[in-house]
Structure formats: C-alpha cells, structure tokens
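Structure data (compact mmCIF, C-alpha atoms) from entry16.txt:
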```txt
# COMPACT_ATOMS: atom_id res chain seq x y z
CA MET D 1165 39.48 91.93 -45.34
CA ARG D 1166 41.19 95.27 -44.93
CA ARG D 1167 42.28 95.74 -41.43
CA TRP D 1168 42.11 99.49 -41.47
CA TRP D 1169 42.05 99.74 -37.66
CA ARG D 1170 45.62 98.56 -37.34
CA TRP D 1171 47.29 101.92 -37.81
CA PRO D 1172 45.05 103.89 -35.46
CA ALA D 1173 45.34 101.12 -32.92
CA ALA D 1174 49.11 101.11 -33.30
CA GLY D 1175 49.18 104.88 -32.91
CA LEU D 1176 46.99 104.69 -29.83
CA GLY D 1177 49.16 101.97 -28.36
CA LEU D 1178 52.26 104.02 -28.99
CA LEU D 1179 50.62 107.06 -27.47
CA VAL D 1180 49.60 105.19 -24.34
CA ALA D 1181 53.00 103.59 -23.98
CA GLN D 1182 54.90 106.83 -24.58
CA THR D 1183 52.75 109.11 -22.46
CA ALA D 1184 51.53 106.74 -19.74
CA LEU D 1185 53.92 103.84 -19.45
CA PHE D 1186 57.29 105.54 -19.61
CA PRO D 1187 56.42 108.48 -17.35
CA ALA D 1188 55.16 105.94 -14.82
CA LEU D 1189 58.50 104.19 -15.01
CA GLY D 1190 60.31 107.49 -14.56
CA THR D 1191 61.33 109.88 -17.32
CA SER D 1192 65.00 110.14 -18.14
CA TRP D 1193 67.29 110.48 -21.12
CA TRP D 1194 67.14 106.71 -21.36
CA THR D 1195 63.42 106.83 -22.22
CA PRO D 1196 63.08 105.56 -25.80
CA ASP D 1197 61.18 107.46 -28.48
CA LEU D 1198 58.63 104.88 -29.60
CA PHE D 1199 57.29 107.13 -32.36
CA LEU D 1200 60.73 107.31 -33.88
CA VAL D 1201 61.19 103.54 -33.64
CA ALA D 1202 57.79 102.95 -35.25
CA THR D 1203 58.52 105.39 -38.06
CA ALA D 1204 61.93 103.86 -38.64
CA ALA D 1205 60.50 100.32 -38.65
CA VAL D 1206 57.81 101.16 -41.20
CA ALA D 1207 60.26 103.01 -43.42
CA PHE D 1208 62.95 100.39 -43.03
CA PHE D 1209 60.76 97.49 -44.03
CA SER D 1210 58.69 99.25 -46.74
CA ASP D 1211 59.38 102.26 -48.97
CA PRO D 1212 59.81 106.07 -48.79
CA ARG D 1213 56.11 106.77 -49.31
CA ARG D 1214 54.91 104.66 -46.39
CA GLY D 1215 57.88 105.82 -44.33
CA GLN D 1216 57.12 109.51 -44.71
CA MET D 1217 53.40 108.99 -44.15
CA ALA D 1218 54.05 106.99 -41.01
CA GLY D 1219 56.54 109.63 -39.89
CA PHE D 1220 54.07 112.43 -40.41
CA GLY D 1221 51.30 110.58 -38.59
CA ALA D 1222 53.49 109.52 -35.68
CA GLY D 1223 55.11 112.95 -35.42
CA PHE D 1224 51.77 114.75 -35.51
CA LEU D 1225 50.37 112.47 -32.83
CA GLN D 1226 53.48 113.06 -30.75
CA ASP D 1227 53.14 116.81 -31.23
CA LEU D 1228 49.60 116.75 -29.91
CA PHE D 1229 50.77 115.47 -26.55
CA ALA D 1230 54.18 117.09 -26.37
CA SER D 1231 55.26 120.50 -25.14
CA VAL D 1232 56.69 121.63 -28.47
CA PRO D 1233 54.92 123.61 -31.21
CA LEU D 1234 52.62 121.60 -33.42
CA GLY D 1235 54.44 120.23 -36.48
CA PHE D 1236 57.86 120.01 -34.86
CA HIS D 1237 58.05 116.22 -34.63
CA ALA D 1238 55.87 115.84 -37.71
CA PHE D 1239 58.52 117.66 -39.71
CA THR D 1240 61.51 115.75 -38.38
CA LYS D 1241 59.88 112.34 -38.52
CA THR D 1242 58.48 112.87 -42.02
CA LEU D 1243 61.94 113.65 -43.24
CA LEU D 1244 63.41 110.72 -41.35
CA GLY D 1245 60.76 108.33 -42.65
CA PHE D 1246 61.48 109.40 -46.17
CA LEU D 1247 65.25 109.18 -45.80
CA LEU D 1248 65.13 105.78 -44.15
CA GLY D 1249 62.70 104.44 -46.73
CA PHE D 1250 64.97 105.79 -49.41
CA THR D 1251 68.17 104.35 -47.99
CA ASN D 1252 66.91 101.04 -46.63
CA ARG D 1253 68.36 99.24 -49.63
CA PHE D 1254 71.84 99.97 -48.33
CA PHE D 1255 71.17 97.80 -45.28
CA TYR D 1256 71.23 94.04 -45.16
CA ARG D 1257 67.70 93.99 -43.84
CA ASP D 1258 67.58 90.29 -43.00
CA HIS D 1259 70.15 90.79 -40.31
CA PRO D 1260 68.51 91.17 -36.86
CA LEU D 1261 70.84 94.08 -36.02
CA ALA D 1262 70.07 96.03 -39.18
CA LEU D 1263 66.98 97.77 -37.81
CA PRO D 1264 68.62 98.65 -34.47
CA LEU D 1265 71.56 100.13 -36.36
CA ALA D 1266 69.24 102.12 -38.60
CA VAL D 1267 67.28 103.34 -35.60
CA PHE D 1268 70.47 104.31 -33.82
CA LEU D 1269 71.57 106.38 -36.82
CA ALA D 1270 68.06 107.79 -37.22
CA SER D 1271 68.09 108.91 -33.59
CA TRP D 1272 71.24 110.89 -34.21
CA ALA D 1273 69.78 112.31 -37.38
CA GLU D 1274 66.58 113.33 -35.62
CA ASN D 1275 68.58 114.93 -32.86
CA ALA D 1276 70.51 116.99 -35.36
CA LEU D 1277 67.32 117.86 -37.29
CA ALA D 1278 65.54 118.90 -34.09
CA ALA D 1279 68.45 121.11 -33.07
CA ALA D 1280 68.56 122.71 -36.51
CA LEU D 1281 64.79 123.20 -36.59
CA ALA D 1282 64.76 124.72 -33.09
CA ALA D 1283 67.50 127.12 -34.14
CA ALA D 1284 65.72 128.00 -37.37
CA PHE D 1285 62.39 128.72 -35.71
CA GLY D 1286 63.82 130.30 -32.59
CA LEU D 1287 62.54 127.56 -30.30
CA GLU D 1288 63.98 126.32 -27.07
CA PRO D 1289 67.26 124.46 -27.82
CA GLN D 1290 66.87 120.69 -27.88
CA PRO D 1291 69.20 118.64 -25.67
CA LEU D 1292 71.89 116.70 -27.50
CA LEU D 1293 71.42 113.03 -26.66
CA LEU D 1294 74.34 111.29 -28.27
CA TRP D 1295 74.21 107.93 -26.55
CA GLN D 1296 71.42 107.36 -24.08
CA ARG D 1297 68.28 107.78 -26.12
CA PRO D 1298 69.77 106.39 -29.39
CA LEU D 1299 70.90 103.34 -27.48
CA ALA D 1300 67.49 102.94 -25.81
CA ASN D 1301 65.80 103.34 -29.20
CA ALA D 1302 68.11 100.71 -30.69
CA LEU D 1303 67.29 98.26 -27.90
CA VAL D 1304 63.57 98.76 -28.47
CA ALA D 1305 64.18 98.34 -32.21
CA LEU D 1306 65.79 95.00 -31.52
CA ALA D 1307 62.50 93.79 -30.01
CA VAL D 1308 60.43 95.50 -32.71
CA ASP D 1309 62.48 93.73 -35.37
CA ARG D 1310 61.54 90.35 -33.92
CA LEU D 1311 57.87 91.33 -33.62
CA TRP D 1312 57.78 92.80 -37.10
CA ARG D 1313 59.21 89.72 -38.72
CA ARG D 1314 56.66 87.54 -36.94
CA TRP D 1315 53.44 89.54 -37.12
CA ALA D 1316 53.69 92.47 -39.52
CA PRO D 1317 51.80 92.25 -42.84
CA PRO D 1318 53.84 92.02 -46.02
CA ALA D 1319 55.03 95.49 -46.88
CA GLY D 1320 55.49 96.78 -50.40
CA GLY D 1321 54.12 93.54 -51.80
CA ARG D 1322 56.99 91.53 -50.36
CA ARG D 1323 56.53 88.95 -47.65
CA ARG D 1324 59.45 88.99 -45.32
CA MET Z 1263 71.32 98.78 -56.93
CA ARG Z 1264 70.77 102.51 -57.24
CA PRO Z 1265 68.04 103.84 -55.03
CA THR Z 1266 65.30 105.54 -56.91
CA VAL Z 1267 62.46 107.75 -55.82
CA SER Z 1268 59.36 108.30 -57.81
CA PRO Z 1269 58.19 111.87 -58.45
CA ARG Z 1270 54.96 111.06 -56.60
CA ASP Z 1271 56.90 110.20 -53.47
CA LEU Z 1272 58.90 113.43 -53.76
CA LEU Z 1273 55.71 115.40 -54.25
CA LEU Z 1274 54.16 113.75 -51.19
CA LEU Z 1275 57.29 114.55 -49.19
CA VAL Z 1276 57.15 118.19 -50.18
CA ILE Z 1277 53.46 118.39 -49.30
CA LEU Z 1278 53.97 116.76 -45.92
CA LEU Z 1279 57.00 118.88 -45.07
CA LEU Z 1280 55.19 122.01 -46.12
CA GLY Z 1281 52.24 120.98 -43.98
CA ALA Z 1282 54.41 120.29 -40.98
CA GLY Z 1283 56.40 123.48 -41.51
CA THR Z 1284 53.23 125.52 -41.82
CA LEU Z 1285 51.88 124.00 -38.64
CA LEU Z 1286 55.16 124.77 -36.94
CA ALA Z 1287 55.21 128.35 -38.16
CA VAL Z 1288 51.57 128.93 -37.22
CA SER Z 1289 51.59 127.28 -33.82
CA ARG Z 1290 54.91 128.72 -32.67
CA GLY Z 1291 54.38 130.80 -29.56
CA ARG Z 1292 50.64 130.04 -29.39
CA ALA Z 1293 48.58 127.73 -27.29
CA GLY Z 1294 47.20 126.14 -30.46
CA VAL Z 1295 45.20 122.92 -30.38
CA GLN Z 1296 47.44 121.03 -28.01
CA PRO Z 1297 45.79 121.96 -24.70
CA PRO Z 1298 42.26 120.98 -25.83
CA VAL Z 1299 43.55 117.78 -27.41
CA GLN Z 1300 45.57 116.98 -24.34
CA SER Z 1301 42.59 117.62 -22.09
CA LEU Z 1302 40.50 115.41 -24.34
CA GLY Z 1303 43.10 112.69 -24.28
CA ARG Z 1304 43.61 112.90 -20.55
CA PRO Z 1305 40.66 110.63 -19.68
CA LEU Z 1306 41.80 108.21 -22.38
CA LEU Z 1307 45.26 108.06 -20.85
CA ALA Z 1308 43.96 108.03 -17.31
CA LEU Z 1309 42.85 104.42 -17.53
CA PRO Z 1310 46.20 102.91 -18.55
CA ARG Z 1311 47.91 105.25 -16.12
CA LEU Z 1312 45.60 104.03 -13.39
CA GLY Z 1313 46.34 100.44 -14.37
CA LEU Z 1314 50.03 101.16 -14.36
CA ASP Z 1315 49.74 102.95 -11.04
CA LEU Z 1316 47.89 99.96 -9.61
CA LEU Z 1317 50.48 97.63 -11.07
CA ALA Z 1318 53.28 99.75 -9.72
CA GLY Z 1319 51.51 100.03 -6.37
CA GLY Z 1320 51.00 96.28 -6.25
CA TRP Z 1321 54.58 95.71 -7.19
CA ASP Z 1322 55.68 98.24 -4.60
CA ALA Z 1323 53.58 96.38 -2.03
CA VAL Z 1324 55.06 93.03 -3.02
CA ALA Z 1325 58.54 94.50 -3.04
CA GLY Z 1326 57.82 96.07 0.35
CA ILE Z 1327 56.65 92.75 1.74
CA LEU Z 1328 59.70 91.00 0.35
CA ARG Z 1329 61.90 93.77 1.72
CA HIS Z 1330 60.23 93.50 5.10
CA HIS Z 1331 60.62 89.73 5.05
CA ALA Z 1332 64.30 90.11 4.30
CA GLU Z 1333 64.59 92.76 6.99
CA ARG Z 1334 62.75 90.53 9.45
CA ASP Z 1335 65.05 87.62 8.65
CA ARG Z 1336 68.07 89.87 9.08
CA LEU Z 1337 66.72 91.15 12.40
CA HIS Z 1338 66.00 87.59 13.52
CA ALA Z 1339 69.56 86.62 12.65
CA ASP Z 1340 70.87 89.67 14.51
CA LEU Z 1341 68.65 88.83 17.47
CA ASP Z 1342 69.90 85.24 17.52
CA ALA Z 1343 73.47 86.44 17.33
CA SER Z 1344 72.80 88.91 20.14
CA ARG Z 1345 71.19 86.19 22.22
CA ARG Z 1346 74.15 83.90 21.67
CA GLU Z 1347 76.52 86.71 22.54
CA ASN Z 1348 74.42 87.57 25.58
CA ALA Z 1349 74.45 83.96 26.71
CA GLN Z 1350 78.22 83.83 26.28
CA LEU Z 1351 78.60 87.05 28.25
CA ARG Z 1352 76.31 85.73 30.97
CA GLN Z 1353 78.32 82.54 31.06
CA GLN Z 1354 81.54 84.50 31.31
CA ALA Z 1355 80.04 86.73 34.00
CA ALA Z 1356 78.90 83.68 35.94
CA GLU Z 1357 82.35 82.15 35.57
CA ALA Z 1358 83.91 85.41 36.76
CA ASP Z 1359 81.51 85.49 39.73
CA ARG Z 1360 82.35 81.91 40.53
CA LEU Z 1361 86.07 82.56 40.36
CA ARG Z 1362 85.62 85.69 42.48
CA ALA Z 1363 83.63 83.71 45.04
CA GLU Z 1364 86.24 80.97 45.05
CA LEU Z 1365 88.97 83.53 45.56
CA ALA Z 1366 87.05 85.13 48.40
CA LEU Z 1367 86.43 81.71 49.89
CA THR Z 1368 90.10 80.88 49.61
CA HIS Z 1369 90.97 84.07 51.45
CA ARG Z 1370 88.46 83.30 54.19
CA LEU Z 1371 89.70 79.75 54.80
CA PRO Z 1372 91.10 79.24 58.28
CA ARG Z 1373 93.44 76.57 56.91
CA PRO Z 1374 94.98 75.87 53.50
CA GLY Z 1375 92.72 74.22 50.99
CA LEU Z 1376 91.76 73.93 47.38
CA VAL Z 1377 88.36 75.30 46.44
CA ALA Z 1378 86.38 72.94 44.22
CA ARG Z 1379 82.99 73.29 42.62
CA VAL Z 1380 80.28 70.68 42.99
CA ILE Z 1381 79.30 69.92 39.41
CA GLY Z 1382 76.98 66.96 39.85
CA ALA Z 1383 75.69 64.12 41.92
CA GLU Z 1384 75.58 60.39 41.45
CA ALA Z 1385 72.25 59.33 40.02
CA ALA Z 1386 72.14 55.90 41.70
CA GLY Z 1387 70.17 56.05 44.96
CA TRP Z 1388 70.46 58.34 47.93
CA PRO Z 1389 72.71 59.29 49.55
CA GLY Z 1390 75.10 59.22 46.62
CA GLU Z 1391 78.47 60.65 45.85
CA LEU Z 1392 79.07 64.14 44.51
CA PHE Z 1393 81.31 65.14 41.62
CA LEU Z 1394 83.90 67.88 42.03
CA ASP Z 1395 85.63 69.77 39.24
CA ARG Z 1396 89.10 69.21 40.65
CA GLY Z 1397 91.12 66.06 40.27
CA ALA Z 1398 94.60 64.64 40.21
CA ASP Z 1399 95.70 67.42 37.85
CA ALA Z 1400 95.02 69.92 40.67
CA GLY Z 1401 96.88 67.79 43.22
CA CYS Z 1402 93.92 65.95 44.74
CA PHE Z 1403 94.18 62.34 45.82
CA ARG Z 1404 92.03 59.66 47.35
CA TYR Z 1405 90.97 59.86 51.06
CA GLN Z 1406 91.61 63.57 51.18
CA SER Z 1407 89.24 65.39 53.51
CA VAL Z 1408 86.66 67.75 52.11
CA ALA Z 1409 85.12 70.54 54.14
CA ALA Z 1410 82.78 73.44 53.56
CA LEU Z 1411 82.55 76.86 55.04
CA ALA Z 1412 79.59 77.37 57.39
CA PRO Z 1413 77.82 80.75 57.50
CA ASP Z 1414 79.62 81.56 60.73
CA GLY Z 1415 83.00 81.02 59.03
CA ARG Z 1416 83.82 77.67 60.60
CA LEU Z 1417 84.99 74.73 58.55
CA VAL Z 1418 82.58 71.81 58.51
CA TYR Z 1419 83.73 68.32 57.61
CA VAL Z 1420 81.67 67.12 54.63
CA GLY Z 1421 83.29 63.87 53.57
CA ARG Z 1422 86.30 62.45 51.79
CA LEU Z 1423 87.43 61.93 48.23
CA ALA Z 1424 86.44 58.41 47.23
CA GLU Z 1425 87.95 58.45 43.74
CA VAL Z 1426 90.13 60.86 41.81
CA THR Z 1427 90.78 61.10 38.08
CA GLY Z 1428 92.52 63.72 35.96
CA ASN Z 1429 90.16 66.63 36.41
CA LEU Z 1430 87.36 65.06 38.41
CA ALA Z 1431 86.91 63.73 41.93
CA ARG Z 1432 84.10 61.88 43.67
CA LEU Z 1433 83.19 63.14 47.13
CA ARG Z 1434 81.61 60.66 49.51
CA PRO Z 1435 79.60 62.60 52.11
CA VAL Z 1436 79.78 61.64 55.73
CA ILE Z 1437 76.14 60.48 55.81
CA CYS Z 1438 76.82 57.68 53.31
CA GLY Z 1439 76.67 54.16 54.64
CA GLY Z 1440 80.04 52.82 55.69
CA MET Z 1441 81.61 56.20 56.41
CA ARG Z 1442 83.51 56.27 59.69
CA VAL Z 1443 85.12 59.41 61.15
CA PRO Z 1444 87.00 59.58 64.46
CA ALA Z 1445 85.12 62.16 66.50
CA LEU Z 1446 85.26 64.17 69.66
CA LEU Z 1447 82.44 65.39 71.92
CA LYS Z 1448 83.18 69.03 72.46
CA ASN Z 1449 81.78 69.49 75.97
CA SER Z 1450 83.27 66.42 77.57
CA ASN Z 1451 86.32 66.36 75.31
CA ARG Z 1452 85.64 62.64 75.01
CA ARG Z 1453 87.71 60.90 72.37
CA GLY Z 1454 87.41 57.40 70.98
CA VAL Z 1455 84.00 57.84 69.53
CA ILE Z 1456 83.21 57.25 65.92
CA LEU Z 1457 80.76 59.11 63.76
CA ALA Z 1458 79.14 56.59 61.46
CA GLY Z 1459 77.12 57.27 58.38
CA GLU Z 1460 74.12 55.00 58.06
CA GLY Z 1461 72.68 56.08 54.72
CA GLY Z 1462 70.04 58.35 56.30
CA ARG Z 1463 69.80 62.05 56.93
CA ASP Z 1464 71.51 61.68 60.35
CA CYS Z 1465 74.60 59.88 61.59
CA HIS Z 1466 75.21 57.84 64.70
CA LEU Z 1467 77.89 58.37 67.25
CA LEU Z 1468 79.32 55.03 68.24
CA TYR Z 1469 81.08 53.95 71.39
CA VAL Z 1470 79.77 56.63 73.77
CA PRO Z 1471 79.75 55.06 77.26
CA HIS Z 1472 76.80 55.56 79.59
CA GLU Z 1473 78.84 57.59 82.05
CA ILE Z 1474 79.53 60.30 79.50
CA ALA Z 1475 76.97 63.05 79.72
CA VAL Z 1476 75.65 63.92 76.29
CA ALA Z 1477 73.03 66.56 75.80
CA PRO Z 1478 71.12 67.43 72.60
CA GLY Z 1479 72.76 70.36 70.85
CA GLU Z 1480 76.26 69.41 71.83
CA GLU Z 1481 78.76 69.84 69.03
CA VAL Z 1482 80.72 66.91 67.63
CA LEU Z 1483 84.15 67.62 66.13
CA THR Z 1484 86.77 65.64 64.27
CA SER Z 1485 89.41 64.26 66.60
CA GLY Z 1486 92.23 64.17 64.02
CA GLU Z 1487 93.38 60.73 65.05
CA VAL Z 1488 93.87 59.47 61.50
CA ASP Z 1489 95.71 60.86 58.53
CA PHE Z 1490 94.07 63.32 56.20
CA ILE Z 1491 91.36 64.32 58.72
CA PRO Z 1492 92.47 67.44 60.53
CA PRO Z 1493 91.25 67.91 64.11
CA GLY Z 1494 88.68 70.45 65.20
CA LEU Z 1495 86.41 70.41 62.16
CA LEU Z 1496 82.74 70.60 63.00
CA LEU Z 1497 80.81 67.43 62.18
CA GLY Z 1498 77.37 68.19 63.57
CA THR Z 1499 75.28 68.49 66.68
CA VAL Z 1500 73.74 65.83 68.89
CA ARG Z 1501 70.05 65.47 68.19
CA GLU Z 1502 69.27 62.85 70.83
CA ALA Z 1503 71.11 60.55 73.17
CA LEU Z 1504 69.36 57.43 74.45
CA ASP Z 1505 70.39 54.96 77.09
CA VAL Z 1506 70.00 51.38 75.92
CA SER Z 1507 70.20 48.99 78.81
CA SER Z 1508 71.19 46.05 76.67
CA SER Z 1509 74.20 47.87 75.27
CA PRO Z 1510 77.30 49.19 77.02
CA PHE Z 1511 77.05 52.38 74.86
CA ARG Z 1512 74.52 55.07 74.43
CA ALA Z 1513 72.60 55.51 71.19
CA VAL Z 1514 73.54 59.00 70.07
CA THR Z 1515 72.12 60.54 66.90
CA VAL Z 1516 74.00 63.41 65.28
CA THR Z 1517 72.61 65.84 62.74
CA PRO Z 1518 75.33 66.91 60.27
CA ALA Z 1519 76.15 70.60 60.36
CA LEU Z 1520 75.62 71.01 56.57
CA ASP Z 1521 73.57 69.22 53.97
CA PRO Z 1522 76.23 68.25 51.41
CA TYR Z 1523 73.66 68.21 48.61
CA THR Z 1524 73.03 71.95 48.94
CA LEU Z 1525 76.64 72.98 48.53
CA ASP Z 1526 78.01 74.77 45.46
CA ALA Z 1527 81.63 74.89 46.54
CA VAL Z 1528 83.70 72.85 48.91
CA VAL Z 1529 87.28 72.92 50.15
CA VAL Z 1530 89.68 70.06 49.64
CA LEU Z 1531 91.95 70.34 52.64
CA THR Z 1532 95.63 70.18 51.71
CA ALA Z 1533 97.68 71.20 54.74
CA GLY Z 1534 100.02 68.50 55.87
CA ALA Z 1535 98.46 65.97 53.57
CA ALA Z 1536 100.57 63.78 51.37
CA PRO Z 1537 99.55 60.71 49.40
```
Before we go any further, please render this structure as structure tokens.
Amino acid sequence: MRRWWRWPAAGLGLLVAQTALFPALGTSWWTPDLFLVATAAVAFFSDPRRGQMAGFGAGFLQDLFASVPLGFHAFTKTLLGFLLGFTNRFFYRDHPLALPLAVFLASWAENALAAALAAAFGLEPQPLLLWQRPLANALVALAVDRLWRRWAPPAGGRRR
Amino acid sequence: MRPTVSPRDLLLLVILLLGAGTLLAVSRGRAGVQPPVQSLGRPLLALPRLGLDLLAGGWDAVAGILRHHAERDRLHADLDASRRENAQLRQQAAEADRLRAELALTHRLPRPGLVARVIGAEAAGWPGELFLDRGADAGCFRYQSVAALAPDGRLVYVGRLAEVTGNLARLRPVICGGMRVPALLKNSNRRGVILAGEGGRDCHLLYVPHEIAVAPGEEVLTSGEVDFIPPGLLLGTVREALDVSSSPFRAVTVTPALDPYTLDAVVVLTAGAAP
C-alpha cells in the first residue's frame, strides 16, 4: 500500500512544530530550522532528486508562513537538497554523527546562500548565524538520525 | 566512487530553481499569497498553539506550586530560626533582668549576703526543701542562714542551708518539722523562746511563760544566740496566744512573715559567718 499521506503529514508536523512549538518556547537564534533538517535528512539518506524535491517542498511551505518573499527558502533549500544528495557518498553514513555533521555544514551553506540571495535580490540582509542555529540544527539532526534509522522507509531502494 | 548525477536530476534542479527564482522575483516587494495562506493556516495552527499554551500554562502552574512550596519551606525554616533566635534573646533578656534584679537586691541589702535564685522545690511531700542555684563554689556552706527581702525592705529569716554541693544548695524553710530557731518577742524583749516548725503553715513559739504578755500581731525576731543566725531578723507575727492550764507555757502560734514557696530570690547571709 502506498502511504502517500506521509509527506503531507510530515510537512504539516514540521509546520506546526516550527510555527507553533518553537515560538511558544521562545524564539531565539538557538531555534532550530526543522525544514532544513528534514531536507538534509531526506537528501542525506536518499539521492539528489528526492533531496531537491524535498527541499523545494519544505522551502515553499516555510515561505508560506515566513516573512520573506515567496521562493526564498524554496530556492536555498532546493539547492541544498541537491548538493547534499549529490555529496552524501562522501560521508560515512552509518556513523550516527554523520547526519549532524552534514546538517551543521548545510546550515552554514544555507546561511551563505541566504545572504547571497538577499544581496542579489535587494532583500533585507540575513543575520549571520555561525554557531547557534547550526549547532541547534545538528542536535536535532542527531535525534532525527535515530528516528530515521528506526522508522523511515527504505530510500533509493536500499534498506538501511 | 565518483559521484554522478543523471541529466534528469539536473533538469529537475534547473526547473525547481527557476521556479523558486521566478517566485522570488515576482513576489519581491508584494503582499503575494502569504497573507491569505497565513490567515487560512492560522486556525490550523491555533489548536496546537492552544494545546501548547495549555501545556505551558499547566507547567507554569505546577512550577509555581513547586516554587511556592519551596518558598513556603524556606519561610518556615526562616520562621523557625527566628523563633529560636527570639527565644534565645528572650532567655538572655530574662537572664539580664534577673541579674539586674539580683544586683539591685544586693544593693538594697541591709547586711552582706549572697543573692541566690530559687530554682526548684523538693517533690516529696509538703513542706519540702527548696533548691538554690548557689553552692560551695560560691562560698556557701551548711547551716548558713537564708533570708529574703520583705516589701518594706526588712530582712526576713526564711530558713537554713540543709545541704550544699558544688553549685547547688538545699534550703530548709523554717516551717519544716524539726526546725528550731532561737527567737525574741519584740514587745517584751523576751529571750529564751524557740520558734519551732511543725510541718504546717504556721510555727509554734515554745517556752513562753504565762506571765509574759503576748498579743496577736506582735512581731517575733531572731535572737542571734547561736552561730550563723544573725539577730534582729523578722520571723513572723503572733497569730494567737493561748493559756493552757496544764502547761507552764503558753501555746503561741506564729505566722511566718513570708511564704518561702513564693520566693524567686533569697539572700544567703554571709557576714561574720565561717564554716
């Protein structure tokens, strides 16, 4: 049976967590970007095609509820999903710290991409978050890695 | 292993990036679709937010209760400490008052003496002995006379020290059975009479001949005819004097001037006394 509802449900869960849970806990630079972690996890454990599609979907959903122009996060996360899906072979993916490391690097990359995109389109400059948010994203990725290995469906025809 | 990308994946990437870039270029500086979408999604997000708010509120309440419990415990501890400190201060104040009263009493004494506090009474029968907080360490010794200051400033003979230890002495009041004190009738200046304790509230005056006029209310003093009992101390007043035909002496009852069991402080008389 195709469980088509998984991705919308995952997106909805991410949306609720990102827009309802974290603001309730208090917004700060330590607030993780769950859309980025989800994109990175999909790309890391599958391939560039799924990675960029997940990135586009997550970024677009994030754009709908964010205060940036539509397509901003969709652009950055699509590119990130593709890059991470393309380079995931360079990581020893069985190691539990591989995904957190990839997410940490992806956070930096997204930060740089967002700054470049904001400059290119004349948008409000994005804050440079060198440690707090990448570290928070990596910590969330550590938990996601455990959950993914236990419950996620086999990706790319490979059962992990 | 060299990473490879299929042309289809590259094509998809280009399409998606172009789509996102177009969206970005179009929606830049415009309200776009975000406000309607956000207003549509607001009710959807309201429920989890409400749940979270309730959870946070409940947690805040629990945390508040725990915080109040901790605060209450801390206040209780502070209150207990304050009570203990207050009790200590009261005790010290009472001790200071006692010492001040003893000092004042010492200054008011018409003759030298050592002020002692009555700290207890013998629990075996009545009348019993009293315990004083002075003993051999303060220079007290057995048979020493003990007096008390009457409201009018006169010294009243109360009894004698029956036993003395290091920091404690037992006072035997004059009303105890077996107590004998050489006395003097003040009006007639009659000596040779003995005040005898009989174990009751009053004493008897022994050896008062019939020819001596004794009237109720007459004062009885110590005669000072034995060691350690100074003369002139008030013993009591005559309550009644009866003539008994079968006896060569009158039956005289004397009411002691002070009830020894109501005293807080007494004076151990020291002048001229030596063991």
For chain Z, report every residue with an atom at most 6 Å from chain D (counting all atoms listed in the file), formatted as a compact mmCIF listing (two decimals) with C-alpha atoms, keeping the file's coordinate frame.
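New file selection.txt:
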```txt
# COMPACT_ATOMS: atom_id res chain seq x y z
CA ASP Z 1271 56.90 110.20 -53.47
CA LEU Z 1279 57.00 118.88 -45.07
CA ALA Z 1282 54.41 120.29 -40.98
CA LEU Z 1285 51.88 124.00 -38.64
CA LEU Z 1286 55.16 124.77 -36.94
CA SER Z 1289 51.59 127.28 -33.82
CA ARG Z 1290 54.91 128.72 -32.67
CA GLN Z 1296 47.44 121.03 -28.01
CA GLN Z 1300 45.57 116.98 -24.34
CA ARG Z 1311 47.91 105.25 -16.12
```
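The interatomic distance for the pair CA of Thr1499 in chain Z and CA of Asp1521 in chain Z works out to 12.8 Å.
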Q. Which residues come within 6 Å of range 1395-1408 of chain Z, counting all atoms listed in the file, excluding same-chain residues fewer than 2 positions away, as JSON, numbers by chain?
A. {"Z": [1378, 1379, 1420, 1421, 1422, 1423, 1424, 1425, 1426, 1427, 1428, 1429, 1430, 1431, 1490, 1491, 1529, 1530, 1531]}
Q: For CA of Pro1510 in chain Z and CA of Tyr1469 in chain Z, determine how far apart the two atoms are, in Å to one decimal place.
A: 8.3 Å
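Note that the spacing between CA of Ala1386 in chain Z and CA of Val1514 in chain Z amounts to 28.6 Å.
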Q: For range 1292-1298 of chain D, list every protein, DNA or RNA residue within 12 Å, evaluated using only C-alpha atoms, and leave out those in the same chain fewer than 5 positions away; present the list as a PyMOL selection string.
A: chain D and resi 1191-1198+1200-1201+1264-1280+1303-1305
Q | For Leu1483 in chain Z: contacts at 9 Å, all atoms listed in the file, fewer than 2 positions along chain excluded, given as a list in words | A |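 Within the cut-off, the hits are Val1418, Tyr1419, Pro1444, Ala1445, Leu1446, Leu1447, Lys1448, Glu1481, Ser1485, Pro1493, Gly1494, Leu1495, Leu1496, Leu1497, Gly1498 and Thr1499 of chain Z.
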Selection file, C-alpha atoms, as a JSON list (two decimals), in the coordinates of the input:
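Printed below is result_25.json as written:
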```
[["chain", "number", "residue", "atom", "x", "y", "z"],
["Z", 1418, "VAL", "CA", 82.58, 71.81, 58.51],
["Z", 1419, "TYR", "CA", 83.73, 68.32, 57.61],
["Z", 1444, "PRO", "CA", 87.00, 59.58, 64.46],
["Z", 1445, "ALA", "CA", 85.12, 62.16, 66.50],
["Z", 1446, "LEU", "CA", 85.26, 64.17, 69.66],
["Z", 1447, "LEU", "CA", 82.44, 65.39, 71.92],
["Z", 1448, "LYS", "CA", 83.18, 69.03, 72.46],
["Z", 1481, "GLU", "CA", 78.76, 69.84, 69.03],
["Z", 1485, "SER", "CA", 89.41, 64.26, 66.60],
["Z", 1493, "PRO", "CA", 91.25, 67.91, 64.11],
["Z", 1494, "GLY", "CA", 88.68, 70.45, 65.20],
["Z", 1495, "LEU", "CA", 86.41, 70.41, 62.16],
["Z", 1496, "LEU", "CA", 82.74, 70.60, 63.00],
["Z", 1497, "LEU", "CA", 80.81, 67.43, 62.18],
["Z", 1498, "GLY", "CA", 77.37, 68.19, 63.57],
["Z", 1499, "THR", "CA", 75.28, 68.49, 66.68]]
```
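Closest approach to Gly1387 in chain Z among Z:Cys1438, Z:Leu1307, Z:Ala1325, Z:Val1288: Z:Cys1438, based on all atoms listed in the file.
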Q: May I have the protein, DNA and RNA residues with an atom at most 6 Å from (74.4, 59.5, 65.4), counting all atoms listed in the file in the file's coordinates, returned as a PyMOL selection string?
A: chain Z and resi 1465-1467+1514-1516
Could you take the residues named above and write them with C-alpha atoms, as a short mmCIF file (atom, residue, chain, number, x, y, z; two decimals), in the coordinates of the input?
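The resulting file, again_33.cif, is reproduced below:
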```
data_model
loop_
_atom_site.label_atom_id
_atom_site.label_comp_id
_atom_site.auth_asym_id
_atom_site.auth_seq_id
_atom_site.Cartn_x
_atom_site.Cartn_y
_atom_site.Cartn_z
CA CYS Z 1465 74.60 59.88 61.59
CA HIS Z 1466 75.21 57.84 64.70
CA LEU Z 1467 77.89 58.37 67.25
CA VAL Z 1514 73.54 59.00 70.07
CA THR Z 1515 72.12 60.54 66.90
CA VAL Z 1516 74.00 63.41 65.28
#
```
**Q.** Proximity to Val1436 in chain Z - best of Z:Pro1522, Z:Gly1382, Z:Gly1479, Z:Ala1343, all atoms listed in the file
**A.** Z:Pro1522
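Closest approach to Ala1363 in chain Z among Z:Ala1458, Z:Val1528, Z:Ala1349, Z:Leu1341: Z:Val1528, based on only C-alpha atoms.
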